[in-house]
$ cat target.txt   # compact mmCIF, C-alpha atoms
# COMPACT_ATOMS: atom_id res chain seq x y z
CA MET A 27 2.81 -12.61 -3.64
CA LYS A 28 1.15 -9.48 -4.99
CA LEU A 29 2.86 -6.38 -3.57
CA HIS A 30 1.17 -3.04 -2.90
CA ASN A 31 4.20 -1.41 -4.48
CA PRO A 32 5.91 -3.63 -7.08
CA ASP A 33 9.02 -1.42 -7.01
CA SER A 34 9.49 -1.77 -3.25
CA ASP A 35 12.56 -3.54 -1.95
CA ALA A 36 11.19 -3.72 1.61
CA LEU A 37 10.61 -7.48 1.35
CA ALA A 38 14.37 -8.03 1.07
CA SER A 39 14.86 -6.56 4.56
CA LEU A 40 12.43 -8.98 6.26
CA ASP A 41 13.25 -12.31 7.90
CA SER A 42 9.61 -13.16 8.58
CA VAL A 43 6.05 -11.98 7.98
CA GLN A 44 2.64 -12.65 9.47
CA LEU A 45 -0.11 -14.29 7.41
CA ARG A 46 -3.78 -13.61 8.09
CA PHE A 47 -6.87 -15.08 6.48
CA GLY A 48 -10.24 -13.75 7.54
CA LYS A 49 -10.68 -14.17 11.28
CA THR A 50 -8.14 -16.95 11.70
CA PRO A 51 -5.24 -16.17 14.03
CA GLU A 52 -2.14 -14.77 12.38
CA ARG A 53 0.67 -17.16 11.54
CA THR A 54 4.30 -16.10 11.57
CA MET A 55 6.21 -17.43 8.57
CA LYS A 56 10.00 -17.30 8.25
CA ILE A 57 11.21 -16.24 4.81
CA GLN A 58 13.78 -18.57 3.24
CA GLY A 59 14.14 -16.54 0.05
CA ALA A 60 12.36 -13.98 -2.11
CA ARG A 61 12.73 -12.46 -5.55
CA HIS A 62 10.73 -10.11 -7.76
CA THR A 63 8.88 -11.44 -10.79
CA ALA A 64 6.75 -9.80 -13.47
CA LYS A 65 3.60 -10.68 -11.48
CA GLY A 66 4.82 -9.73 -7.98
CA ALA A 67 7.20 -11.49 -5.63
CA LEU A 68 8.03 -15.16 -5.41
CA VAL A 69 8.54 -16.02 -1.75
CA LYS A 70 9.82 -19.28 -0.29
CA PHE A 71 8.72 -19.83 3.32
CA VAL A 72 10.56 -22.18 5.65
CA GLY A 73 8.53 -25.38 5.98
CA VAL A 74 6.48 -24.90 2.81
CA VAL A 75 7.96 -27.75 0.81
CA ASP A 76 5.59 -28.38 -2.11
CA MET A 77 2.99 -26.76 -4.34
CA ASP A 78 0.08 -28.11 -2.26
CA ALA A 79 1.44 -26.41 0.85
CA ALA A 80 2.08 -23.20 -1.09
CA GLU A 81 -1.39 -23.30 -2.68
CA ALA A 82 -2.93 -23.59 0.80
CA LEU A 83 -1.57 -20.09 1.53
CA ARG A 84 -3.39 -18.49 -1.43
CA ASP A 85 -5.56 -15.48 -0.47
CA TYR A 86 -3.77 -14.90 2.84
CA VAL A 87 -2.90 -11.29 3.63
CA VAL A 88 0.79 -10.79 4.31
CA LEU A 89 1.68 -8.37 7.09
CA ALA A 90 5.10 -7.02 8.00
CA ASP A 91 6.23 -5.58 11.31
CA ARG A 92 6.61 -1.89 10.53
CA ALA A 93 9.63 -1.61 12.82
CA LEU A 94 11.51 -4.00 10.52
CA LEU A 95 10.89 -1.98 7.35
CA PRO A 96 13.57 0.34 5.99
CA PRO A 97 13.52 3.79 7.63
CA LEU A 98 11.83 6.56 5.66
CA GLN A 99 13.69 9.63 4.51
CA PRO A 100 12.16 13.09 5.09
CA GLY A 101 9.23 13.60 2.72
CA GLU A 102 8.80 9.84 2.11
CA TYR A 103 5.82 7.77 3.19
CA TYR A 104 4.50 4.29 2.75
CA LEU A 105 1.57 4.20 0.33
CA SER A 106 -0.44 2.14 2.80
CA ASP A 107 -0.29 5.10 5.21
CA LEU A 108 -2.45 7.14 2.83
CA VAL A 109 -5.53 4.95 3.32
CA GLY A 110 -7.97 6.74 5.61
CA ALA A 111 -6.34 10.16 5.17
CA THR A 112 -8.55 13.21 4.73
CA VAL A 113 -7.98 14.95 1.39
CA SER A 114 -8.51 18.68 1.11
CA GLY A 115 -8.04 21.20 -1.66
CA PRO A 116 -7.92 24.98 -1.91
CA GLU A 117 -11.68 25.16 -1.28
CA GLY A 118 -11.94 22.68 1.61
CA THR A 119 -12.40 18.98 2.28
CA ILE A 120 -12.81 16.68 -0.73
CA GLY A 121 -13.09 13.31 1.00
CA THR A 122 -11.21 10.33 2.41
CA VAL A 123 -8.70 7.98 0.78
CA ARG A 124 -10.36 4.57 0.37
CA GLU A 125 -7.50 2.76 -1.35
CA VAL A 126 -4.19 3.07 -3.13
CA CYS A 127 -3.91 1.65 -6.66
CA ILE A 128 -0.65 0.68 -8.31
CA HIS A 129 -0.85 0.95 -12.09
CA PRO A 130 2.02 0.03 -14.43
CA THR A 131 3.10 3.66 -14.82
CA ILE A 132 1.67 5.52 -11.82
CA GLU A 133 0.30 5.20 -8.30
CA THR A 134 -3.12 6.67 -7.53
CA ILE A 135 -5.42 7.13 -4.57
CA VAL A 136 -9.17 6.57 -4.71
CA ILE A 137 -10.97 9.28 -2.76
CA ASP A 138 -14.50 8.77 -1.47
CA ARG A 139 -15.95 12.26 -1.88
CA ALA A 140 -17.78 13.92 1.01
CA GLU A 141 -20.83 14.60 -1.20
CA GLY A 142 -20.88 11.08 -2.62
CA GLY A 143 -19.13 9.26 -5.40
CA SER A 144 -15.41 8.80 -5.75
CA VAL A 145 -12.50 10.09 -7.78
CA GLU A 146 -9.09 8.61 -8.58
CA LEU A 147 -6.13 10.95 -8.17
CA PRO A 148 -2.65 10.32 -9.61
CA LEU A 149 0.06 10.85 -7.00
CA VAL A 150 1.97 13.50 -8.93
CA ASP A 151 3.53 16.80 -7.89
CA GLU A 152 1.04 18.73 -10.06
CA TRP A 153 -1.69 18.04 -7.48
CA LEU A 154 0.07 17.09 -4.24
CA GLY A 155 0.90 19.90 -1.88
CA LYS A 156 1.50 18.32 1.51
CA VAL A 157 1.25 14.74 2.71
CA ASP A 158 1.17 14.36 6.50
CA THR A 159 0.63 10.69 7.31
CA GLU A 160 0.89 11.23 11.07
CA ALA A 161 -2.02 13.69 10.96
CA GLY A 162 -3.83 11.70 8.28
CA GLN A 163 -3.99 14.70 5.95
CA ILE A 164 -3.31 15.22 2.25
CA GLU A 165 -3.46 18.76 0.89
CA LEU A 166 -3.87 19.27 -2.85
CA LEU A 167 -2.44 22.28 -4.65
CA SER A 168 -5.05 22.30 -7.37
CA LEU A 169 -8.26 20.59 -8.44
CA ASP A 170 -7.81 21.46 -12.13
CA GLY A 171 -8.94 18.48 -14.19
CA LEU A 172 -9.67 16.41 -11.10
CA LEU A 173 -13.30 17.13 -10.27
CA ASP A 174 -16.22 17.73 -12.63
$ encode --input "target.txt" --output "structure tokens"
Amino acid sequence: MKLHNPDSDALASLDSVQLRFGKTPERTMKIQGARHTAKGALVKFVGVVDMDAAEALRDYVVLADRALLPPLQPGEYYLSDLVGATVSGPEGTIGTVREVCIHPTIETIVIDRAEGGSVELPLVDEWLGKVDTEAGQIELLSLDGLLD
């Protein structure tokens, strides 16, 4: 399983997940065991007994009930909550977060700019001022080196 955040330990707190593929109804799958690997997570589902059955689950999206995830501490947020947020800087609105990217050394957000095009922003203190996931707002402290 490819995780949005390879460093997350949230999977360890889950007993089951939902699987979705396209428009097919979601399937609830009970987790028998899980461990991190270099390429993501290796998950054993109850009832999936061979490679053919496991291969049949390829390309499914795995969803977790948010209420079962570990509680967030003040100032923390789930990276998935950034998608759709409006990003603004000292001079006004820049655009909307299209996606979160996890690179080997840093997480970034891809911002679709209001005037067209996109820009990728590292999630580092140098740029981030305030992140309010409930309001869907990200305020940047600076645009130095970010925009042409």
$ closest_residue --input "target.txt" --among "A:Leu68, A:Leu172, A:Val74, A:Ala161" --to "A:Lys56" --atoms "only C-alpha atoms"
A:Val74
$ atom_distance --input "target.txt" --atom1 "atom CA of A:Ala67" --atom2 "atom CA of A:Glu160"
28.9 Å
$ residues_near_point --input "target.txt" --point "(-1.3, -16.9, 5.1)" --cutoff "9 Å" --atoms "only C-alpha atoms" --output "list in words"
Gln44, Leu45, Arg46, Phe47, Glu52, Arg53, Thr54, Met55, Ala82, Leu83, Arg84, Asp85, Tyr86, Val87 and Val88 of chain A
$ residues_around --input "target.txt" --residues "A:His30" --least-positions-apart "6" --cutoff "10 Å" --atoms "only C-alpha atoms" --output "ChimeraX atom specification"
/A:66,104-106,126-128,133
$ residues_around --input "target.txt" --residues "A:Pro116" --least-positions-apart "2" --cutoff "12 Å" --atoms "only C-alpha atoms" --output "PyMOL selection string"
chain A and resi 113-114+118-120+153-155+164-170
$ atom_distance --input "target.txt" --atom1 "atom CA of A:Val157" --atom2 "atom CA of A:Pro100"
11.3 Å
$ closest_residue --input "target.txt" --among "A:Gly121, A:Pro130, A:Gly115, A:Pro51" --to "A:Pro32" --atoms "all atoms listed in the file"
A:Pro130
$ residues_around --input "target.txt" --residues "A:Thr122" --least-positions-apart "5" --cutoff "6 Å" --atoms "only C-alpha atoms" --output "list in words"
Gly110, Ala111, Thr112, Val113, Ile137 and Asp138 of chain A
$ closest_residue --input "target.txt" --among "A:Gly171, A:Pro96, A:Gly73, A:Gly142" --to "A:Leu40" --atoms "all atoms listed in the file"
A:Pro96
$ closest_residue --input "target.txt" --among "A:Leu95, A:Ile132, A:Ala64, A:Val72" --to "A:Ala38" --atoms "all atoms listed in the file"
A:Leu95
$ closest_residue --input "target.txt" --among "A:Lys65, A:Arg124, A:Lys49, A:Arg92" --to "A:Arg139" --atoms "only C-alpha atoms"
A:Arg124
$ axis_aligned_box --input "target.txt" --around "stretch 111-115 of chain A" --padding-each-side "3 Å" --output "JSON"
{"center_x": -7.4, "center_y": 15.7, "center_z": 1.8, "size_x": 8.2, "size_y": 17.0, "size_z": 12.8}
$ closest_residue --input "target.txt" --among "A:Ala80, A:Ser42, A:Leu94, A:Ser34" --to "A:Arg61" --atoms "all atoms listed in the file"
A:Ser34
$ atom_distance --input "target.txt" --atom1 "atom CA of A:Ala36" --atom2 "atom CA of A:Val123"
23.1 Å
